[in-house]
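Undergrad: What follows is my_file_5.txt, compact mmCIF, C-alpha atoms and all ligand atoms.
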```
# COMPACT_ATOMS: atom_id res chain seq x y z
CA MET H 1 30.79 -59.66 39.38
CA ALA H 2 26.98 -59.70 39.47
CA PHE H 3 26.52 -56.00 40.17
CA ARG H 4 22.73 -56.00 39.89
CA GLN H 5 22.17 -58.77 42.42
CA HIS H 6 24.59 -57.14 44.83
CA ILE H 7 22.62 -53.88 44.73
CA LEU H 8 19.29 -55.66 45.18
CA ASP H 9 20.61 -57.76 48.08
CA SER H 10 22.75 -55.09 49.74
CA GLU H 11 21.77 -54.02 53.17
CA GLY H 12 22.83 -50.48 52.49
CA PHE H 13 26.54 -50.95 51.76
CA PHE H 14 28.15 -50.91 48.34
CA GLY H 15 31.76 -51.77 49.04
CA PRO H 16 32.70 -49.27 51.74
CA TYR H 17 30.09 -46.74 50.54
CA GLY H 18 26.54 -46.12 51.71
CA GLY H 19 25.37 -46.81 55.25
CA CYS H 20 22.90 -45.00 57.46
CA PHE H 21 24.59 -42.28 59.53
CA VAL H 22 21.67 -40.32 60.97
CA PRO H 23 20.56 -38.85 64.29
CA GLU H 24 19.05 -41.53 66.53
CA VAL H 25 15.61 -39.93 66.37
CA LEU H 26 15.37 -40.87 62.66
CA LEU H 27 16.39 -44.51 63.02
CA PRO H 28 12.87 -45.87 63.69
CA ALA H 29 11.49 -44.00 60.64
CA LEU H 30 14.29 -45.32 58.41
CA GLU H 31 13.91 -48.86 59.75
CA GLU H 32 10.16 -48.73 59.08
CA MET H 33 10.91 -47.52 55.54
CA GLN H 34 13.57 -50.23 54.98
CA GLN H 35 11.25 -53.01 56.15
CA GLY H 36 8.33 -51.64 54.15
CA PHE H 37 10.42 -51.41 51.00
CA GLU H 38 11.99 -54.89 51.44
CA ALA H 39 8.50 -56.41 51.72
CA LEU H 40 6.93 -54.43 48.88
CA LYS H 41 9.69 -54.87 46.31
CA GLU H 42 8.83 -58.58 46.24
CA ASP H 43 5.06 -58.08 46.45
CA PRO H 44 3.41 -58.74 43.02
CA GLN H 45 0.37 -56.63 43.94
CA PHE H 46 2.52 -53.62 44.84
CA LEU H 47 4.66 -54.05 41.72
CA SER H 48 1.63 -54.21 39.49
CA GLU H 49 0.16 -51.10 41.20
CA PHE H 50 3.51 -49.31 40.68
CA HIS H 51 3.79 -50.24 36.98
CA GLN H 52 0.15 -49.40 36.37
CA ALA H 53 0.71 -45.94 37.90
CA LEU H 54 3.84 -45.45 35.75
CA HIS H 55 1.71 -46.21 32.72
CA GLN H 56 -1.43 -44.31 33.68
CA ILE H 57 0.23 -41.21 35.16
CA ASN H 58 3.44 -41.01 33.12
CA GLY H 59 2.42 -42.68 29.89
CA ARG H 60 5.32 -45.16 30.11
CA PRO H 61 7.07 -46.51 28.16
CA THR H 62 8.66 -43.19 27.24
CA ALA H 63 9.90 -42.68 23.68
CA PHE H 64 13.22 -43.95 22.35
CA THR H 65 14.18 -41.53 19.61
CA PRO H 66 16.94 -41.61 16.98
CA LEU H 67 18.89 -38.38 16.40
CA PRO H 68 19.49 -38.79 12.65
CA ARG H 69 20.54 -35.24 11.76
CA ILE H 70 23.06 -34.81 14.55
CA SER H 71 24.42 -38.36 14.04
CA ALA H 72 24.92 -37.65 10.33
CA ALA H 73 26.55 -34.28 11.01
CA ILE H 74 28.97 -35.83 13.50
CA GLY H 75 29.64 -38.79 11.19
CA GLY H 76 30.39 -41.20 14.04
CA ALA H 77 28.11 -43.37 16.17
CA GLN H 78 24.34 -43.46 15.71
CA LEU H 79 22.79 -41.46 18.56
CA PHE H 80 19.48 -42.25 20.28
CA LEU H 81 17.79 -40.65 23.24
CA LYS H 82 15.52 -42.04 25.90
CA ASN H 83 12.98 -39.29 26.40
CA GLU H 84 12.33 -39.17 30.14
CA GLY H 85 11.27 -35.56 29.59
CA LEU H 86 7.98 -36.98 28.31
CA ASN H 87 7.04 -38.16 31.79
CA HIS H 88 4.28 -36.25 33.55
CA THR H 89 5.91 -33.18 35.24
CA GLY H 90 8.79 -33.27 32.78
CA ALA H 91 11.53 -35.53 34.14
CA HIS H 92 12.49 -38.99 35.36
CA LYS H 93 12.01 -37.89 38.98
CA ILE H 94 8.34 -38.86 39.02
CA ASN H 95 9.28 -42.56 38.65
CA HIS H 96 10.73 -42.73 42.17
CA CYS H 97 8.13 -40.28 43.49
CA ILE H 98 5.33 -42.65 42.52
CA GLY H 99 7.19 -45.58 44.11
CA GLN H 100 7.91 -43.76 47.36
CA ALA H 101 4.42 -42.22 47.58
CA LEU H 102 2.83 -45.67 47.21
CA LEU H 103 5.16 -46.94 49.96
CA ALA H 104 4.25 -43.94 52.18
CA LYS H 105 0.55 -44.73 51.69
CA ARG H 106 1.12 -48.38 52.64
CA LEU H 107 2.91 -47.18 55.79
CA GLY H 108 -0.09 -45.00 56.66
CA LYS H 109 1.80 -41.69 56.28
CA LYS H 110 -0.12 -38.44 55.92
CA ARG H 111 2.62 -35.87 55.36
CA ILE H 112 5.52 -35.83 52.87
CA ILE H 113 8.72 -33.79 53.08
CA ALA H 114 10.98 -33.35 50.05
CA GLU H 115 13.99 -31.34 48.89
CA THR H 116 14.44 -30.10 45.36
CA GLY H 117 17.17 -28.53 43.22
CA ALA H 118 15.93 -27.88 39.71
CA GLY H 119 12.41 -28.18 41.06
CA GLN H 120 11.71 -31.35 39.05
CA HIS H 121 11.73 -33.64 42.08
CA GLY H 122 9.62 -31.12 44.02
CA TYR H 123 7.19 -30.70 41.14
CA ALA H 124 6.84 -34.49 40.77
CA THR H 125 6.46 -34.92 44.55
CA ALA H 126 3.77 -32.22 44.69
CA ALA H 127 1.89 -33.91 41.82
CA VAL H 128 1.91 -37.39 43.37
CA CYS H 129 0.97 -35.98 46.79
CA ALA H 130 -2.05 -34.22 45.27
CA ARG H 131 -3.00 -37.42 43.45
CA PHE H 132 -2.61 -39.68 46.49
CA GLY H 133 -4.04 -37.21 49.03
CA LEU H 134 -0.86 -36.47 51.00
CA GLU H 135 0.18 -33.15 52.56
CA CYS H 136 3.44 -31.88 51.01
CA THR H 137 6.26 -29.53 52.05
CA VAL H 138 9.16 -28.97 49.64
CA TYR H 139 12.48 -27.32 50.61
CA MET H 140 14.38 -25.46 47.90
CA GLY H 141 17.57 -23.35 48.15
CA LYS H 142 16.77 -19.67 47.63
CA LYS H 143 19.09 -19.49 44.59
CA ASP H 144 17.29 -22.44 42.97
CA TYR H 145 13.89 -21.02 44.04
CA GLU H 146 14.73 -17.94 41.99
CA ARG H 147 16.37 -19.58 38.97
CA GLN H 148 13.69 -22.29 38.61
CA ARG H 149 10.69 -20.06 39.39
CA PRO H 150 8.28 -21.80 36.95
CA ASN H 151 8.56 -25.03 38.95
CA VAL H 152 7.86 -23.17 42.23
CA TYR H 153 4.66 -21.91 40.66
CA TRP H 154 3.60 -25.42 39.59
CA MET H 155 4.37 -26.90 43.01
CA GLU H 156 2.27 -24.25 44.72
CA LEU H 157 -0.56 -24.72 42.25
CA LEU H 158 -0.50 -28.43 43.13
CA GLY H 159 -1.05 -27.51 46.77
CA ALA H 160 2.50 -27.96 48.12
CA THR H 161 4.14 -25.56 50.57
CA VAL H 162 7.47 -24.49 49.07
CA VAL H 163 10.07 -23.20 51.54
CA ALA H 164 12.96 -21.12 50.14
CA VAL H 165 16.06 -22.01 52.20
CA GLU H 166 18.28 -19.01 52.84
CA ASP H 167 21.19 -20.86 54.51
CA GLY H 168 24.61 -21.64 53.04
CA SER H 169 24.96 -21.52 49.28
CA GLN H 170 21.15 -21.58 48.95
CA THR H 171 21.22 -24.61 46.65
CA LEU H 172 20.28 -28.29 46.80
CA ASN H 173 22.64 -29.19 49.62
CA ASP H 174 21.01 -26.59 51.90
CA ALA H 175 17.55 -27.82 50.87
CA VAL H 176 18.52 -31.40 51.88
CA ILE H 177 19.76 -30.18 55.29
CA ALA H 178 16.53 -28.21 55.85
CA ALA H 179 14.41 -31.24 54.87
CA PHE H 180 16.34 -33.45 57.33
CA LYS H 181 15.79 -30.84 60.09
CA ASP H 182 12.05 -30.97 59.38
CA TRP H 183 12.15 -34.78 59.53
CA VAL H 184 14.03 -34.76 62.85
CA ALA H 185 11.31 -32.46 64.24
CA ASN H 186 8.51 -34.54 62.62
CA PRO H 187 9.70 -38.16 62.45
CA THR H 188 6.22 -39.49 61.64
CA SER H 189 6.33 -37.66 58.30
CA PHE H 190 7.76 -39.48 55.26
CA TYR H 191 10.87 -37.95 53.68
CA LEU H 192 10.49 -38.55 49.94
CA LEU H 193 14.12 -38.10 48.90
CA GLY H 194 14.85 -37.17 45.29
CA SER H 195 17.94 -39.07 44.19
CA ALA H 196 19.97 -42.25 44.71
CA VAL H 197 21.73 -40.60 47.67
CA GLY H 198 21.10 -40.37 51.42
CA PRO H 199 21.03 -43.02 54.12
CA HIS H 200 19.93 -46.61 53.51
CA PRO H 201 17.43 -47.50 51.98
CA TYR H 202 17.21 -44.47 49.64
CA PRO H 203 20.09 -45.27 47.21
CA ALA H 204 18.92 -48.83 46.46
CA MET H 205 15.22 -47.93 46.74
CA ASN H 206 15.36 -45.06 44.24
CA THR H 207 17.51 -47.20 41.91
CA PHE H 208 14.83 -49.90 42.13
CA PHE H 209 12.05 -47.42 41.26
CA GLN H 210 14.10 -45.92 38.39
CA LYS H 211 15.40 -49.14 36.81
CA VAL H 212 12.38 -49.24 34.48
CA VAL H 213 14.27 -46.67 32.34
CA GLY H 214 17.12 -49.08 31.46
CA GLU H 215 14.70 -52.01 31.10
CA GLU H 216 12.75 -50.08 28.47
CA ILE H 217 15.97 -48.94 26.72
CA ARG H 218 17.12 -52.57 26.41
CA SER H 219 13.98 -53.71 24.59
CA GLN H 220 13.54 -50.49 22.56
CA CYS H 221 17.18 -50.51 21.43
CA GLU H 222 17.04 -54.19 20.55
CA SER H 223 13.88 -53.79 18.51
CA LEU H 224 15.13 -50.66 16.69
CA THR H 225 18.78 -51.60 16.11
CA GLY H 226 18.81 -55.36 16.73
CA ARG H 227 21.49 -54.99 19.40
CA LEU H 228 22.49 -53.49 22.73
CA PRO H 229 24.08 -50.02 22.85
CA ASN H 230 27.87 -49.65 22.81
CA ALA H 231 27.47 -46.90 25.39
CA CYS H 232 24.80 -45.42 27.65
CA VAL H 233 25.39 -41.83 28.75
CA ALA H 234 23.60 -40.02 31.59
CA CYS H 235 24.19 -36.83 33.55
CA VAL H 236 24.97 -37.20 37.24
CA GLY H 237 23.64 -34.97 40.01
CA GLY H 238 22.93 -37.34 42.87
CA GLY H 239 22.66 -40.22 40.41
CA SER H 240 19.01 -41.28 40.09
CA ASN H 241 18.63 -40.94 36.31
CA ALA H 242 22.08 -42.48 35.77
CA MET H 243 21.29 -45.46 38.01
CA GLY H 244 17.86 -45.79 36.34
CA MET H 245 19.52 -46.01 32.95
CA PHE H 246 22.58 -48.09 33.96
CA PHE H 247 21.09 -50.68 36.33
CA ASP H 248 19.75 -53.05 33.69
CA PHE H 249 23.11 -53.04 31.81
CA LEU H 250 25.44 -53.41 34.79
CA ASP H 251 26.13 -57.09 34.08
CA ASP H 252 26.50 -56.59 30.28
CA ALA H 253 30.23 -55.88 30.26
CA GLU H 254 30.19 -54.90 26.56
CA VAL H 255 27.93 -51.89 27.25
CA ARG H 256 29.97 -48.87 28.38
CA LEU H 257 28.23 -46.84 31.08
CA ILE H 258 29.25 -43.20 31.28
CA GLY H 259 28.18 -40.63 33.88
CA VAL H 260 28.66 -36.97 33.04
CA GLU H 261 29.22 -34.54 35.90
CA ALA H 262 28.74 -30.77 35.94
CA GLY H 263 32.01 -29.15 34.85
CA GLY H 264 30.56 -25.70 35.65
CA HIS H 265 32.78 -22.78 34.64
CA GLY H 266 36.19 -24.01 35.83
CA LYS H 267 38.17 -26.65 37.69
CA GLN H 268 38.85 -24.69 40.88
CA PRO H 269 36.88 -25.55 44.06
CA GLY H 270 33.49 -23.86 43.97
CA GLU H 271 33.44 -23.62 40.17
CA HIS H 272 31.90 -27.02 39.33
CA ALA H 273 30.05 -30.03 40.82
CA ALA H 274 32.25 -32.96 39.68
CA LYS H 275 32.38 -35.02 42.84
CA LEU H 276 33.48 -38.38 41.45
CA LEU H 277 36.20 -36.74 39.36
CA ASP H 278 37.39 -34.21 41.96
CA GLY H 279 35.81 -35.16 45.31
CA GLN H 280 37.02 -37.19 48.28
CA PRO H 281 35.25 -39.90 50.27
CA GLY H 282 33.51 -38.76 53.43
CA ILE H 283 30.30 -38.96 55.44
CA PHE H 284 27.66 -36.29 54.94
CA GLU H 285 23.85 -36.16 54.96
CA GLY H 286 23.64 -39.69 56.33
CA TYR H 287 25.84 -41.62 53.88
CA TYR H 288 29.47 -42.39 52.99
CA SER H 289 30.40 -41.46 49.43
CA TYR H 290 32.38 -38.94 47.40
CA PHE H 291 31.83 -35.29 48.31
CA LEU H 292 33.39 -32.05 47.17
CA GLN H 293 35.23 -30.88 50.27
CA ASP H 294 38.34 -29.01 51.34
CA ASP H 295 41.40 -30.54 53.07
CA GLY H 296 39.73 -29.99 56.44
CA GLY H 297 36.66 -31.98 55.35
CA ASN H 298 34.40 -28.92 55.03
CA ILE H 299 31.88 -29.26 52.20
CA SER H 300 32.79 -26.97 49.29
CA ASN H 301 30.39 -24.78 47.40
CA THR H 302 29.39 -26.09 43.98
CA SER H 303 28.47 -24.34 40.77
CA SER H 304 26.54 -25.39 37.70
CA VAL H 305 24.24 -23.69 35.23
CA SER H 306 21.86 -26.59 35.97
CA ALA H 307 20.33 -26.50 39.44
CA GLY H 308 19.76 -30.28 39.39
CA LEU H 309 23.48 -31.07 39.10
CA ASP H 310 24.56 -28.35 41.55
CA TYR H 311 25.06 -30.70 44.51
CA CYS H 312 28.14 -31.68 46.54
CA GLY H 313 27.56 -35.46 46.88
CA VAL H 314 26.83 -38.49 44.74
CA SER H 315 25.19 -41.89 45.02
CA PRO H 316 27.22 -44.39 47.07
CA ILE H 317 26.28 -46.96 44.42
CA LEU H 318 27.97 -44.86 41.73
CA ALA H 319 31.00 -44.37 44.00
CA TRP H 320 31.30 -48.16 44.28
CA LEU H 321 30.78 -48.68 40.53
CA ALA H 322 33.40 -45.99 39.80
CA ASP H 323 35.96 -47.73 42.03
CA ALA H 324 35.11 -51.04 40.34
CA GLY H 325 35.72 -49.44 36.94
CA ARG H 326 32.20 -50.38 35.81
CA VAL H 327 31.00 -46.82 35.30
CA GLU H 328 33.25 -44.18 33.69
CA PHE H 329 32.97 -40.49 34.56
CA GLU H 330 33.45 -37.42 32.41
CA ARG H 331 32.58 -33.75 32.78
CA ALA H 332 30.76 -31.21 30.58
CA SER H 333 31.03 -27.47 31.16
CA ASP H 334 28.15 -24.98 31.49
CA GLU H 335 29.06 -23.63 28.07
CA ALA H 336 29.06 -27.09 26.43
CA ALA H 337 25.66 -27.91 28.01
CA LEU H 338 24.13 -24.66 26.74
CA ALA H 339 25.56 -25.33 23.27
CA ALA H 340 24.04 -28.83 23.35
CA VAL H 341 20.58 -27.40 24.16
CA GLN H 342 20.84 -25.07 21.20
CA ARG H 343 22.08 -27.81 18.87
CA LEU H 344 19.29 -30.24 19.83
CA ALA H 345 16.70 -27.51 19.42
CA ARG H 346 17.93 -26.44 15.99
CA GLU H 347 18.88 -29.82 14.52
CA GLU H 348 16.40 -32.26 16.09
CA GLY H 349 13.52 -30.11 17.36
CA LEU H 350 14.09 -31.17 20.97
CA ILE H 351 14.70 -29.03 24.06
CA PRO H 352 16.38 -31.03 26.82
CA ALA H 353 16.73 -29.92 30.44
CA LEU H 354 20.08 -28.26 31.16
CA GLU H 355 20.95 -31.25 33.38
CA SER H 356 20.44 -33.73 30.54
CA ALA H 357 22.28 -31.40 28.16
CA HIS H 358 25.52 -32.32 29.98
CA ALA H 359 25.05 -35.93 28.86
CA PHE H 360 24.37 -34.81 25.29
CA ALA H 361 27.43 -32.54 25.24
CA TYR H 362 29.72 -35.44 26.17
CA ALA H 363 27.90 -37.95 23.94
CA PHE H 364 28.51 -35.71 20.91
CA GLU H 365 32.27 -35.83 21.66
CA LEU H 366 32.16 -39.58 22.20
CA ALA H 367 30.18 -40.24 18.99
CA ALA H 368 32.87 -38.50 16.96
CA THR H 369 35.41 -41.11 18.13
CA LEU H 370 33.17 -44.05 17.06
CA THR H 371 31.80 -45.37 13.76
CA PRO H 372 28.27 -45.49 12.26
CA ALA H 373 28.15 -49.17 13.24
CA ASP H 374 28.17 -48.06 16.92
CA VAL H 375 25.12 -47.11 18.98
CA VAL H 376 25.18 -44.52 21.77
CA VAL H 377 22.08 -43.90 23.91
CA ILE H 378 21.65 -40.72 25.95
CA ASN H 379 19.25 -40.39 28.84
CA ALA H 380 17.26 -37.20 28.26
CA SER H 381 16.36 -37.07 31.94
CA GLY H 382 14.12 -34.03 31.58
CA ARG H 383 12.68 -31.47 29.21
CA GLY H 384 13.91 -27.92 29.05
CA GLU H 385 10.84 -25.72 29.55
CA LYS H 386 11.71 -25.22 33.22
CA ASP H 387 14.98 -23.57 32.13
CA LEU H 388 13.22 -20.77 30.25
CA PHE H 389 14.66 -17.97 32.36
CA ILE H 390 18.20 -19.37 32.14
CA THR H 391 18.38 -20.31 28.49
CA MET H 392 16.62 -17.12 27.32
CA ARG H 393 19.25 -15.09 29.14
CA HIS H 394 21.99 -16.95 27.30
CA PHE H 395 20.44 -17.17 23.87
CA GLN H 396 18.05 -14.23 23.48
CA GLU H 397 18.74 -11.66 26.16
CA GLU H 398 17.23 -8.77 24.23
CA ASN H 399 13.94 -10.59 23.66
CA LEU H 400 13.72 -11.49 27.34
CA LEU H 401 14.36 -7.94 28.48
CA ALA H 402 11.81 -6.58 26.02
CA TYR H 403 9.22 -9.08 27.31
CA ALA H 404 10.02 -8.26 30.95
CA ARG H 405 9.67 -4.53 30.19
CA HIS H 406 6.34 -5.18 28.49
CA LEU H 407 5.06 -7.14 31.50
CA LEU H 408 6.15 -4.44 33.95
CA GLN H 409 4.55 -1.70 31.88
CA HIS H 410 1.34 -3.68 31.61
CA GLN H 411 1.33 -4.31 35.37
CA SER H 412 1.85 -0.66 36.26
CA GLN H 413 -0.88 0.45 33.82
CA LYS H 414 -3.20 -2.02 35.53
CA ALA H 415 -2.13 -0.68 38.93
CA PHE H 416 -3.04 2.88 37.87
CA ALA H 417 -6.33 1.73 36.43
CA VAL H 418 -7.42 0.20 39.78
C1 LIG J 501 16.00 -33.17 34.60
C2 LIG J 501 16.98 -33.59 35.64
N1 LIG J 501 17.98 -34.42 35.30
C3 LIG J 501 18.91 -34.81 36.21
C4 LIG J 501 18.87 -34.34 37.51
C5 LIG J 501 19.95 -34.77 38.44
O1 LIG J 501 19.52 -35.67 39.40
P1 LIG J 501 19.91 -37.19 39.35
O2 LIG J 501 21.41 -37.24 39.22
O3 LIG J 501 19.42 -37.72 40.63
O4 LIG J 501 19.25 -37.79 38.18
C6 LIG J 501 17.84 -33.48 37.91
C7 LIG J 501 17.73 -33.01 39.28
O5 LIG J 501 16.96 -32.16 39.64
C8 LIG J 501 16.86 -33.09 36.95
O6 LIG J 501 15.86 -32.27 37.26
```
Transcribe the structure of this file into structure tokens.
Ligand SMILES: Cc1ncc(COP(=O)(O)O)c(C=O)c1O
TA:
Amino acid sequence: MAFRQHILDSEGFFGPYGGCFVPEVLLPALEEMQQGFEALKEDPQFLSEFHQALHQINGRPTAFTPLPRISAAIGGAQLFLKNEGLNHTGAHKINHCIGQALLAKRLGKKRIIAETGAGQHGYATAAVCARFGLECTVYMGKKDYERQRPNVYWMELLGATVVAVEDGSQTLNDAVIAAFKDWVANPTSFYLLGSAVGPHPYPAMNTFFQKVVGEEIRSQCESLTGRLPNACVACVGGGSNAMGMFFDFLDDAEVRLIGVEAGGHGKQPGEHAAKLLDGQPGIFEGYYSYFLQDDGGNISNTSSVSAGLDYCGVSPILAWLADAGRVEFERASDEAALAAVQRLAREEGLIPALESAHAFAYAFELAATLTPADVVVINASGRGEKDLFITMRHFQEENLLAYARHLLQHQSQKAFAV
């Protein structure tokens, strides 16, 4: 089957998945977005503006880096990473933010709404809004707001209004609901959605804006190794970095495509965020796909050490590709992801985002089952600086506490001095 063409030509359905199940008030805004995107994705001037912005703002192409020490220590496949963490603002998210912001400008929009989990999509949205002169409001679950505080600071510095959402589990799902509520109240705003999820056209549109990642991997891997990878491995939250990496290889049957979900701290409901492995099909947040839910169809809570994977749903395109057997799914636990961060730091001098670390954790296991003639590429979707307050707690609690005490002491001395 020609998977790529089907995605490009689809009118929002991927097998039974996808669709556009939204309140009537949003239909005109989504139709305007669909038509705008359909016209622009074929428009050479728009495409050249998009690729120029990817180069000038993000410095694309991003690096393709061998992992010689870890590969040798494992003694299996040769490992390579695609360093999306080198993008401006630290993750792949800015690829689709640039695409959607350019579309919003063409549609004459003045105000952008976005949701964010780890803060990477919000940070990237705030940056492109500042650059393109758009007003920006970002919704973030209160739990994520607290655990990814550095990104809140950057978003605010870039002029965005960041709203901490106190409903539900206070994570990405609640941020998406709050952003939709804003859009229902303000349908002339542009909702710049952060993954390959949501109603049509978001899944195909964000895949289109992210597919540059896989295109670059193909030529970088061929020029470095003289061949295509045996396997491409990406973490899966909603699915934008995975679709960005996988799209170009979908019709190369010899390349295994593996999505790694958040195994959290257990397999019971509420302990993980593995929706393709443990979820059920259903309609939520405007689209039909796999969701973590109970027998009554109520959305379950999710858990992951990485805010960006802590979400109940997944791209309808990935649901379709999973059913078709084209993309395989695995899980990596919180503990395995943290161990992967530490291993990459110590053995390769790289600090991946906790989200991406899930892909590394599984890729290390996979590599051990292969031979040095095999090539495995991992999508390092983001860099790990944003995770400072999480990883420090796990790796160097005493140092963190000492630093926090020092800061507090310094602050109170200043307060007395005033
Ligand atoms: C660095 C990074 N990787 C991955 C993800 C997961 O999102 P997606 O599955 O859409 O790539 C996020 C989400 O915030 C992220 O920040």
Undergrad: Using all atoms listed in the file, which residues sit within 10 Å of Gly244 (chain H) once same-chain residues fewer than 5 positions away are excluded, as a list in words?
TA: His92, Asn95, His96, Ala196, Asn206, Thr207, Phe208, Phe209, Gln210, Lys211, Val212, Val213, Gly214, Glu215, Ala234, Gly239, Asn379 and Ser381 of chain H
Undergrad: Excluding Lys142 (chain H) and residues on its chain fewer than 3 positions from it, collect all residues at most 10 Å away from it, counting only C-alpha atoms, and give them as a PyMOL selection string.
TA: chain H and resi 117+139+145-148+163-172+174-175
Undergrad: Only C-alpha atoms, please: the residues just picked out, written as a tab-separated table (two decimals), in the frame of the given file.
TA:
```
chain	number	residue	atom	x	y	z
H	117	GLY	CA	17.17	-28.53	43.22
H	139	TYR	CA	12.48	-27.32	50.61
H	145	TYR	CA	13.89	-21.02	44.04
H	146	GLU	CA	14.73	-17.94	41.99
H	147	ARG	CA	16.37	-19.58	38.97
H	148	GLN	CA	13.69	-22.29	38.61
H	163	VAL	CA	10.07	-23.20	51.54
H	164	ALA	CA	12.96	-21.12	50.14
H	165	VAL	CA	16.06	-22.01	52.20
H	166	GLU	CA	18.28	-19.01	52.84
H	167	ASP	CA	21.19	-20.86	54.51
H	168	GLY	CA	24.61	-21.64	53.04
H	169	SER	CA	24.96	-21.52	49.28
H	170	GLN	CA	21.15	-21.58	48.95
H	171	THR	CA	21.22	-24.61	46.65
H	172	LEU	CA	20.28	-28.29	46.80
H	174	ASP	CA	21.01	-26.59	51.90
H	175	ALA	CA	17.55	-27.82	50.87
```
Undergrad: Please find the residues contacting ligand LIG 501 (chain J) at a distance of at most 7 Å between atoms, with all atoms listed in the file counted, and report them as a list in words.
TA: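 Here is the list of contacting residues: Ala91, His92, Thr116, Gly117, Ala118, Gly119, Gln120, His121, Gly194, Ser195, Ala196, Cys235, Val236, Gly237, Gly238, Gly239, Ser240, Asn241, Ala242, Ala307, Gly308, Leu309, Ala353, Glu355, Ser356, Ser381, Gly382 and Arg383 of chain H.
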Undergrad: Which is closest to Ala160 (chain H) among H:Lys181, H:His272, H:His55, H:Arg111, if we use only C-alpha atoms?
TA: H:Arg111
Undergrad: So which residues touch Ala29 (chain H) within 12 Å, counting only C-alpha atoms, skipping near sequence neighbours fewer than 2 positions away, as a ChimeraX atom specification?
TA: /H:20,22-27,31-36,104,107,109,183-184,186-191,199-201
Undergrad: Give me a file of those residues, with C-alpha atoms, as a PDB file, in the coordinates of the input.
TA:
```pdb
ATOM      1  CA  CYS H  20      22.900 -45.000  57.460  1.00  0.00           C
ATOM      2  CA  VAL H  22      21.670 -40.320  60.970  1.00  0.00           C
ATOM      3  CA  PRO H  23      20.560 -38.850  64.290  1.00  0.00           C
ATOM      4  CA  GLU H  24      19.050 -41.530  66.530  1.00  0.00           C
ATOM      5  CA  VAL H  25      15.610 -39.930  66.370  1.00  0.00           C
ATOM      6  CA  LEU H  26      15.370 -40.870  62.660  1.00  0.00           C
ATOM      7  CA  LEU H  27      16.390 -44.510  63.020  1.00  0.00           C
ATOM      8  CA  GLU H  31      13.910 -48.860  59.750  1.00  0.00           C
ATOM      9  CA  GLU H  32      10.160 -48.730  59.080  1.00  0.00           C
ATOM     10  CA  MET H  33      10.910 -47.520  55.540  1.00  0.00           C
ATOM     11  CA  GLN H  34      13.570 -50.230  54.980  1.00  0.00           C
ATOM     12  CA  GLN H  35      11.250 -53.010  56.150  1.00  0.00           C
ATOM     13  CA  GLY H  36       8.330 -51.640  54.150  1.00  0.00           C
ATOM     14  CA  ALA H 104       4.250 -43.940  52.180  1.00  0.00           C
ATOM     15  CA  LEU H 107       2.910 -47.180  55.790  1.00  0.00           C
ATOM     16  CA  LYS H 109       1.800 -41.690  56.280  1.00  0.00           C
ATOM     17  CA  TRP H 183      12.150 -34.780  59.530  1.00  0.00           C
ATOM     18  CA  VAL H 184      14.030 -34.760  62.850  1.00  0.00           C
ATOM     19  CA  ASN H 186       8.510 -34.540  62.620  1.00  0.00           C
ATOM     20  CA  PRO H 187       9.700 -38.160  62.450  1.00  0.00           C
ATOM     21  CA  THR H 188       6.220 -39.490  61.640  1.00  0.00           C
ATOM     22  CA  SER H 189       6.330 -37.660  58.300  1.00  0.00           C
ATOM     23  CA  PHE H 190       7.760 -39.480  55.260  1.00  0.00           C
ATOM     24  CA  TYR H 191      10.870 -37.950  53.680  1.00  0.00           C
ATOM     25  CA  PRO H 199      21.030 -43.020  54.120  1.00  0.00           C
ATOM     26  CA  HIS H 200      19.930 -46.610  53.510  1.00  0.00           C
ATOM     27  CA  PRO H 201      17.430 -47.500  51.980  1.00  0.00           C
TER      28      PRO H 201
END
```
Undergrad: Distance cut-off 12 Å, centre (23.6, -24.2, 21.4) in file coordinates, counting only C-alpha atoms: which residues qualify? Return them as an NGL selection string.
TA: :H and (334-347 or 350-352 or 354 or 357-358 or 360-361 or 391-392 or 394-396)
Undergrad: As an exercise, work out the distance from CA of Ile177 (chain H) to CA of Leu134 (chain H) in Å and give it to one decimal place.
TA: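 One can read the CA of Ile177 (chain H) to CA of Leu134 (chain H) distance as 22.0 Å.
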Undergrad: Between CA of Phe291 (chain H) and CA of Asp278 (chain H), measure the distance and give it in Å to one decimal.
TA: 8.5 Å
Undergrad: Please report the interatomic distance between CA of Leu401 (chain H) and CA of Val305 (chain H) in Å with one decimal.
TA: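 Atom-to-atom, CA of Leu401 (chain H) and CA of Val305 (chain H) are spaced 19.8 Å apart.
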Undergrad: Restricting the calculation to only C-alpha atoms: of H:Asp310, H:Glu285, H:Asp294, H:Glu222, which residue gets closest to Gly264 (chain H)?
TA: H:Asp310
Undergrad: Of the candidates H:Ser304, H:Thr137, H:Gln45, H:Ser10, which shows the shortest atom-to-atom distance to Ala273 (chain H), using all atoms listed in the file?
TA: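 Answer, going by the shortest atom-to-atom distance: H:Ser304.
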Undergrad: Pick out the closest residue to Gln293 (chain H) from this set: H:Gln268, H:Asn230, H:Gln56, H:Ser315. Count all atoms listed in the file.
TA: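 With all atoms listed in the file as the atom set, the closest residue is H:Gln268.
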Undergrad: When you look at region 296-298 of chain H with a cut-off of 12 Å (counting all atoms listed in the file), what residues show up, excluding the ones that are within fewer than 5 positions of it in the same chain? I need them as a list in words.
TA: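 Answer for this query is Pro269, Gly279, Gln280, Pro281, Gly282, Ile283, Phe284, Tyr290, Phe291 and Cys312 of chain H.
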Undergrad: Skipping near chain neighbours, those fewer than 5 positions away, what residues fall within 10 Å of Asp374 (chain H) using all atoms listed in the file, listed as a PyMOL selection string?
TA: chain H and resi 76-79+227-231+367
